[in-house]
Amino acid sequence: MARGLTFERAVIRECTGTAGATFVALFAILLTTQLIRLLSQAAGGKLVSEAVIALLGFGALTHLPVLLSLTLFIAVLLTLSRSYRDSEMSVWFASGLPLTSWVRPVLKFSAPLVAAIAVLSILLSPWAQSKSTEYRQRMDTRDDVARVSPGAFKESASGERVFFVEAASSDSTSREEGDVKNIFISSVQNGRLGVMMSTHGYTESMPNGDRFVVLVDGRRYEGTPGSSEYRVMEFERYAVRIETKEARGIEQTTKSLPTMALLQGGSKAGKGEVLWRIGLPLAAFNLALLAIPLSFVNPRAGRTNNLILALLTYMFYSNLVSVCQAWVAQGRMSFDTGWWLVHVVMFIVMVLLFAKRMSMFSWGRLRR
């Protein structure tokens, strides 16, 4: 009994260490790819720079269930592959213990991760997706002045104006909190291009709620592109109305709706999304057990082929779940069948692999 507990603790400890290293590597890759994508959107003006960190966090939380599922599979696979490679499995089987003896420690290790994947997939990931959508829409409905970043050209929401502000004013006597200096505004009205420049300006709100950017002591150049006729006007005060977008309700999608709302809604697309969410923890459970027979490595051969086969198995499993999700969303398969079909098939495959490995080792002992 004591030896069994020691063995289980050793397996869980090694799996935990491997899982930690695997998760850090995969999480770093996830953050890097997400950050590159968000920075690309921010550089293209589709996203404000201050939203990058928040959206990065929401995106990481959304993809965390898949990341943990892959981490669990790889951790069990690498741990048992090392035992084969170091000939520990040969000693294990020579002592008369079967391959199924690994099931108990693997289940003890994977149970907390499977539970975490279920909570993330069913509850937290939809919440993160909803908050990400809400945050994006809130940034999209900001007025033109809120979009302006000092030292950068920014286009208005309608695309008819371009704003440039060199810096916020440091003058303590400025009359408005939104004072700025060295302002450039380019606009097109009735086919005529107008360019306004001023060394000082501020924002002003009217009683009816309209907001204006007020330029002080500047110039306006107006003319038609391609023509040499231009007018130059000097002004003491020039007000440009700020365009605002009406606040809209959050555009909810199946990915951002809570699981209970999807079940109560009864739509085919909602049922397909529920199938995916409950499929992640079920797939993680199957993959943890499937890694035991898949981890077989010939000590005299490399482990590359085995690892590639295991990763292909993970991709095949994930794609099957995605296909069932699409079929349920399209009405080609009922939800009552789709949610369990792939997982039962993979469980049967796992049992057959266990039987194949155990018969192979039994035949090897009989030949000796």
# chains A, B, ... in the order shown; residues from 1 in each chain; ligands from 1

$ residues_around --residues "region 341-349 of chain A" --least-positions-apart "6" --cutoff "9 Å" --atoms "only C-alpha atoms" --output "list in words"
Gly279, Leu282, Ala283, Asn286, Leu287, Leu289, Leu290, Tyr317, Leu320, Val321 and Cys324 of chain A

$ write_last_selection --atoms "C-alpha atoms" --output "short mmCIF file (atom, residue, chain, number, x, y, z; two decimals), in the first residue's frame"
data_model
loop_
_atom_site.label_atom_id
_atom_site.label_comp_id
_atom_site.auth_asym_id
_atom_site.auth_seq_id
_atom_site.Cartn_x
_atom_site.Cartn_y
_atom_site.Cartn_z
CA GLY A 279 -17.07 18.84 -25.15
CA LEU A 282 -15.03 15.56 -21.83
CA ALA A 283 -12.27 15.62 -24.44
CA ASN A 286 -10.49 11.16 -22.70
CA LEU A 287 -7.17 12.60 -23.83
CA LEU A 289 -6.40 8.44 -20.52
CA LEU A 290 -5.63 8.16 -24.23
CA TYR A 317 -10.22 14.65 -31.92
CA LEU A 320 -14.29 15.84 -34.90
CA VAL A 321 -15.83 17.88 -32.08
CA CYS A 324 -20.26 17.78 -34.72
#

$ atom_distance --atom1 "CA of Leu47 (chain A)" --atom2 "CA of Phe164 (chain A)"
17.1 Å

$ residues_around --residues "Val216 (chain A)" --least-positions-apart "4" --cutoff "8 Å" --atoms "only C-alpha atoms" --output "list in words"
Ser198, Thr199, His200, Gly201, Phe235, Glu236, Arg237 and Tyr238 of chain A

$ closest_residue --among "A:Ala51, A:Ala118, A:Ser40, A:Ala25" --to "Phe285 (chain A)" --atoms "only C-alpha atoms"
A:Ala118

$ residues_around --residues "Leu294 (chain A)" --least-positions-apart "3" --cutoff "9 Å" --atoms "only C-alpha atoms" --output "PyMOL selection string"
chain A and resi 77+81+290-291+297+306-307+309-310+350+353-354

$ write_last_selection --atoms "N, CA and C atoms" --output "tab-separated table (two decimals), in the first residue's frame"
chain	number	residue	atom	x	y	z
A	77	LEU	N	1.50	12.49	-21.62
A	77	LEU	CA	2.21	11.81	-22.70
A	77	LEU	C	3.72	11.85	-22.49
A	81	SER	N	6.18	8.72	-21.64
A	81	SER	CA	7.18	8.46	-22.67
A	81	SER	C	8.58	8.40	-22.07
A	290	LEU	N	-6.14	8.59	-22.93
A	290	LEU	CA	-5.63	8.16	-24.23
A	290	LEU	C	-4.12	8.31	-24.31
A	291	ALA	N	-3.57	9.24	-23.55
A	291	ALA	CA	-2.11	9.46	-23.58
A	291	ALA	C	-1.35	8.27	-23.01
A	297	VAL	N	7.02	4.15	-26.32
A	297	VAL	CA	8.22	4.52	-27.07
A	297	VAL	C	9.21	3.37	-26.98
A	306	ASN	N	6.35	9.25	-32.20
A	306	ASN	CA	5.29	9.05	-31.21
A	306	ASN	C	4.63	10.38	-30.85
A	307	LEU	N	5.43	11.41	-30.67
A	307	LEU	CA	4.88	12.72	-30.31
A	307	LEU	C	4.05	13.30	-31.45
A	309	LEU	N	2.45	11.56	-33.73
A	309	LEU	CA	1.22	10.78	-33.78
A	309	LEU	C	0.24	11.26	-32.71
A	310	ALA	N	0.76	11.53	-31.52
A	310	ALA	CA	-0.12	12.00	-30.43
A	310	ALA	C	-0.73	13.35	-30.76
A	350	MET	N	-9.70	4.34	-27.18
A	350	MET	CA	-8.75	4.30	-26.07
A	350	MET	C	-8.73	2.91	-25.42
A	353	LEU	N	-6.84	0.57	-27.69
A	353	LEU	CA	-5.40	0.80	-27.60
A	353	LEU	C	-4.82	0.20	-26.33
A	354	PHE	N	-5.55	0.32	-25.22
A	354	PHE	CA	-5.12	-0.31	-23.98
A	354	PHE	C	-4.99	-1.82	-24.17

$ closest_residue --among "A:Thr33, A:Ser121, A:Ser49, A:Gln330" --to "Val274 (chain A)" --atoms "only C-alpha atoms"
A:Ser121

$ atom_distance --atom1 "CA of Leu72 (chain A)" --atom2 "CA of Ala288 (chain A)"
6.4 Å

$ atom_distance --atom1 "CA of Gly272 (chain A)" --atom2 "CA of Gln325 (chain A)"
4.6 Å

$ residues_around --residues "region 123-129 of chain A" --least-positions-apart "4" --cutoff "12 Å" --atoms "only C-alpha atoms" --output "CSV table (one decimal) with C-alpha atoms, in the first residue's frame"
chain,number,residue,atom,x,y,z
A,54,ALA,CA,-7.5,44.5,-21.5
A,55,LEU,CA,-8.4,42.7,-24.7
A,56,LEU,CA,-5.2,40.6,-24.3
A,57,GLY,CA,-6.4,39.4,-20.9
A,58,PHE,CA,-9.9,38.6,-22.1
A,59,GLY,CA,-8.5,36.7,-25.1
A,60,ALA,CA,-6.2,34.7,-22.9
A,61,LEU,CA,-9.1,33.7,-20.6
A,62,THR,CA,-11.2,32.8,-23.6
A,63,HIS,CA,-8.6,30.4,-25.0
A,64,LEU,CA,-7.5,29.0,-21.6
A,65,PRO,CA,-9.8,25.8,-21.7
A,66,VAL,CA,-8.2,24.6,-25.0
A,115,ALA,CA,-12.7,20.5,-13.4
A,116,ALA,CA,-10.9,23.8,-14.1
A,117,ILE,CA,-11.5,23.3,-17.8
A,118,ALA,CA,-15.2,22.7,-17.2
A,119,VAL,CA,-15.6,25.9,-15.2
A,133,THR,CA,-17.2,42.5,-27.1
A,134,GLU,CA,-18.5,45.1,-24.7
A,135,TYR,CA,-15.1,46.7,-24.4
A,136,ARG,CA,-14.6,46.9,-28.1
A,250,ILE,CA,-24.0,44.9,-26.9
A,251,GLU,CA,-24.2,42.7,-30.0
A,252,GLN,CA,-24.4,39.3,-28.3
A,253,THR,CA,-23.2,36.2,-30.2
A,254,THR,CA,-23.4,32.6,-29.4
A,255,LYS,CA,-19.8,32.7,-28.1
A,256,SER,CA,-20.5,35.5,-25.6
A,257,LEU,CA,-23.9,34.3,-24.3
A,258,PRO,CA,-24.1,32.4,-21.0
A,259,THR,CA,-24.5,28.6,-21.3
A,260,MET,CA,-27.9,28.7,-19.6
A,261,ALA,CA,-29.2,31.3,-22.0
A,262,LEU,CA,-28.1,29.2,-24.9
A,273,GLU,CA,-21.9,26.3,-29.0
A,274,VAL,CA,-23.1,24.3,-25.9
A,276,TRP,CA,-18.4,22.7,-27.9
A,277,ARG,CA,-18.3,24.0,-24.3
A,278,ILE,CA,-19.3,20.7,-22.7
A,280,LEU,CA,-13.8,20.5,-23.9

$ closest_residue --among "A:Val76, A:Tyr230, A:Ile36, A:Phe23" --to "Lys108 (chain A)" --atoms "only C-alpha atoms"
A:Val76

$ residues_around --residues "Ser227 (chain A)" --least-positions-apart "4" --cutoff "12 Å" --atoms "only C-alpha atoms" --output "ChimeraX atom specification"
/A:191-193,222-223,231

$ write_last_selection --atoms "C-alpha atoms" --output "mmCIF file, in the first residue's frame"
data_model
loop_
_atom_site.group_PDB
_atom_site.id
_atom_site.type_symbol
_atom_site.label_atom_id
_atom_site.label_comp_id
_atom_site.auth_asym_id
_atom_site.auth_seq_id
_atom_site.Cartn_x
_atom_site.Cartn_y
_atom_site.Cartn_z
ATOM 1 C CA GLY A 191 -15.733 68.407 -52.363
ATOM 2 C CA ARG A 192 -13.524 71.127 -50.910
ATOM 3 C CA LEU A 193 -10.550 70.350 -48.706
ATOM 4 C CA GLU A 222 -9.567 75.868 -48.130
ATOM 5 C CA GLY A 223 -9.593 74.771 -51.742
ATOM 6 C CA ARG A 231 -8.380 80.671 -49.708
#
